[in-house]
Each structure stands twice: as structure tokens, then as C-alpha cells.
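Shown next, in C-alpha cells, is the structure this report addresses.
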Amino acid sequence: MKTLLPLIVAVVIAPFLASPAIADDSDPEKIIKYRQDFMQAVKNHNNSIKAIVNGAVPFNNHLDMHLASLEKLFGEVNSLFPEGSDFGETKAKPAVWDNPQKFSETVQKSQQALTEFKQVVDSGDMNKARSAFKNFGRSSCGSCHKSFKEKD
């Protein structure tokens, strides 16, 4: 319950903390570039977790660091898509801005999938963690990309 309470609080207040529009002095192109770099960081943490749970690298002691980083990153995803950043060199679909409620709900589901994956990792069973990682990928990044990101 202790672990769940901060997640619930974050999910409830995150939409209120997200900036509804780009400040007048912000450069939308820089915001888009930042968003892309941010998402690359998410991808890199996921790739590191995958390498660990698949036994490709001997850094099991790094799992908690990567999971904690993803928790923090996932908590900021909604703020990365302010009004006025829906153009230019971006692969974000218009649905992010056209249906912000669905986008927010999808991000919340990603956060929940991460929490569930983390619980499996905390059990220490790498076989279960390997399987849970695949489910986490489909339920989090995969789910969001399906509705809100153009294909590469």
C-alpha cells in the first residue's frame, strides 16, 4: 500500500501540474526535441532492463535504478505534449492533443503496468520477470504507441 499511495497521488495530480500550453517564451521546436530525447531515455532504460532480465548482461543490481528512472519518467509524460507542440518533426499523432483524456488514461495504464512489472522483479524470479517484461512492454509503450505515435 505504501508503494501504491504515491502512484495514486501522482496520477491524480499530474494532469493539474501539466502545462496546458507552451509559454510565450518557449520554442516549440525545442520542446519537441526535448520530448524526443526524453522518450529516447525511456527506450534506453527499457533496453537495459531487457538485457538484464534476459541474462545478456550481469547487472541485476541495476534493475532498481532503471525501474525507478522509468517511474519518474512515466510520471512526466503528460507534461511533454503541451498545446502548440503538435507540429514539426514529431511522430506524435494528433490524437494526443485531440483526445487528451484518453492519452492521460493510457499513460496511467502504462504506469500501472510498470508497477506490476516491478512487483514481479521484486520477487527475484528472473524467469517470471522475463515473461512479465514482455507483458509490460505491450501494456505500456506498445499500447501508447499504437494509438498516439506514428510508425517509423
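Residues are named by chain letter and number: chains run A, B, ... in the order of the C-alpha cells, numbers start at 1 in each chain, and ligands are numbered from 1 in the order shown.
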Got a sec to tell me which of range 73-124 of chain A DSSP assigns to helix (DSSP H, G or I), as an MDAnalysis selection string?
chainID A and resid 73:74 77:80 95:98 100:122
For range 46-61 of chain A, find every residue with an atom within 9 Å (counting only C-alpha atoms), except residues of its own chain fewer than 6 positions away, and show them as a PDB file with C-alpha atoms, in the first residue's frame.
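Result went into part_32.pdb, see below:
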ATOM      1  CA  LEU A  67      12.831   0.895 -12.771  1.00  0.00           C
ATOM      2  CA  LEU A  70      11.141   4.780 -15.590  1.00  0.00           C
ATOM      3  CA  VAL A 121      11.054  -8.131 -10.418  1.00  0.00           C
ATOM      4  CA  MET A 126      14.087 -13.793 -13.336  1.00  0.00           C
ATOM      5  CA  ASN A 127      12.058 -16.349 -15.328  1.00  0.00           C
ATOM      6  CA  ALA A 129      10.473 -11.213 -14.765  1.00  0.00           C
ATOM      7  CA  ARG A 130      11.351 -12.145 -18.354  1.00  0.00           C
ATOM      8  CA  PHE A 133       8.717  -7.706 -19.134  1.00  0.00           C
ATOM      9  CA  LYS A 134       7.040  -8.735 -22.401  1.00  0.00           C
ATOM     10  CA  GLY A 137       6.133  -3.698 -22.993  1.00  0.00           C
TER      11      GLY A 137
END
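Taking only C-alpha atoms, the non-local environment of Lys33 in chain A within 10 Å (same-chain residues fewer than 6 positions away omitted) comprises Met39, Glu89 and Thr90 of chain A.
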Can I get the selected residues back with N, CA and C atoms, as an mmCIF file, in the first residue's frame?
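The new file out.cif reads:
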data_model
loop_
_atom_site.group_PDB
_atom_site.id
_atom_site.type_symbol
_atom_site.label_atom_id
_atom_site.label_comp_id
_atom_site.auth_asym_id
_atom_site.auth_seq_id
_atom_site.Cartn_x
_atom_site.Cartn_y
_atom_site.Cartn_z
ATOM 1 N N MET A 39 11.894 10.604 -24.590
ATOM 2 C CA MET A 39 11.377 9.286 -24.976
ATOM 3 C C MET A 39 12.518 8.329 -25.316
ATOM 4 N N GLU A 89 8.739 18.247 -36.755
ATOM 5 C CA GLU A 89 9.357 16.923 -36.822
ATOM 6 C C GLU A 89 8.969 16.091 -35.599
ATOM 7 N N THR A 90 7.746 15.626 -35.586
ATOM 8 C CA THR A 90 7.262 14.814 -34.481
ATOM 9 C C THR A 90 6.501 13.616 -35.034
#
For the interface of range 119-150 of chain A with range 101-114 of chain A (cut-off 12 Å, counting only C-alpha atoms), please tabulate each contacting residue of range 119-150 of chain A alongside its nearest pair of atoms and their separation in Å to one decimal, rows sorted by chain and increasing number, as a tab-separated table.
residue	atom	partner	partner_atom	distance
A:Gln119	CA	A:Leu114	CA	8.6
A:Val120	CA	A:Leu114	CA	10.0
A:Val121	CA	A:Leu114	CA	10.4
A:Ala129	CA	A:Leu114	CA	11.8
A:Ala132	CA	A:Ala113	CA	9.4
A:Phe133	CA	A:Leu114	CA	9.0
A:Lys134	CA	A:Ala113	CA	10.7
A:Asn135	CA	A:Ala113	CA	8.1
A:Phe136	CA	A:Ala113	CA	5.5
A:Gly137	CA	A:Ala113	CA	8.4
A:Arg138	CA	A:Ala113	CA	9.2
A:Ser139	CA	A:Ala113	CA	6.1
A:Ser140	CA	A:Ser110	CA	4.0
A:Cys141	CA	A:Ser110	CA	6.9
A:Gly142	CA	A:Ser110	CA	9.2
A:Ser143	CA	A:Thr106	CA	7.4
A:Cys144	CA	A:Thr106	CA	6.1
A:His145	CA	A:Thr106	CA	9.8
A:Lys146	CA	A:Thr106	CA	10.5
A:Ser147	CA	A:Phe103	CA	8.5
A:Phe148	CA	A:Phe103	CA	7.5
A:Lys149	CA	A:Phe103	CA	11.0
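Relative to CA of Asp64 in chain A, CA of Lys118 in chain A is found at 8.5 Å.
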Just list as a ChimeraX atom specification whatever in chain A DSSP marks as strand (DSSP E or B).
/A:21,83,92,149
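Of note, CA of Lys72 in chain A and CA of Thr115 in chain A are spaced 11.9 Å apart.
For the pair CA of Asp122 in chain A and CA of Leu63 in chain A, the interatomic distance is 9.5 Å.
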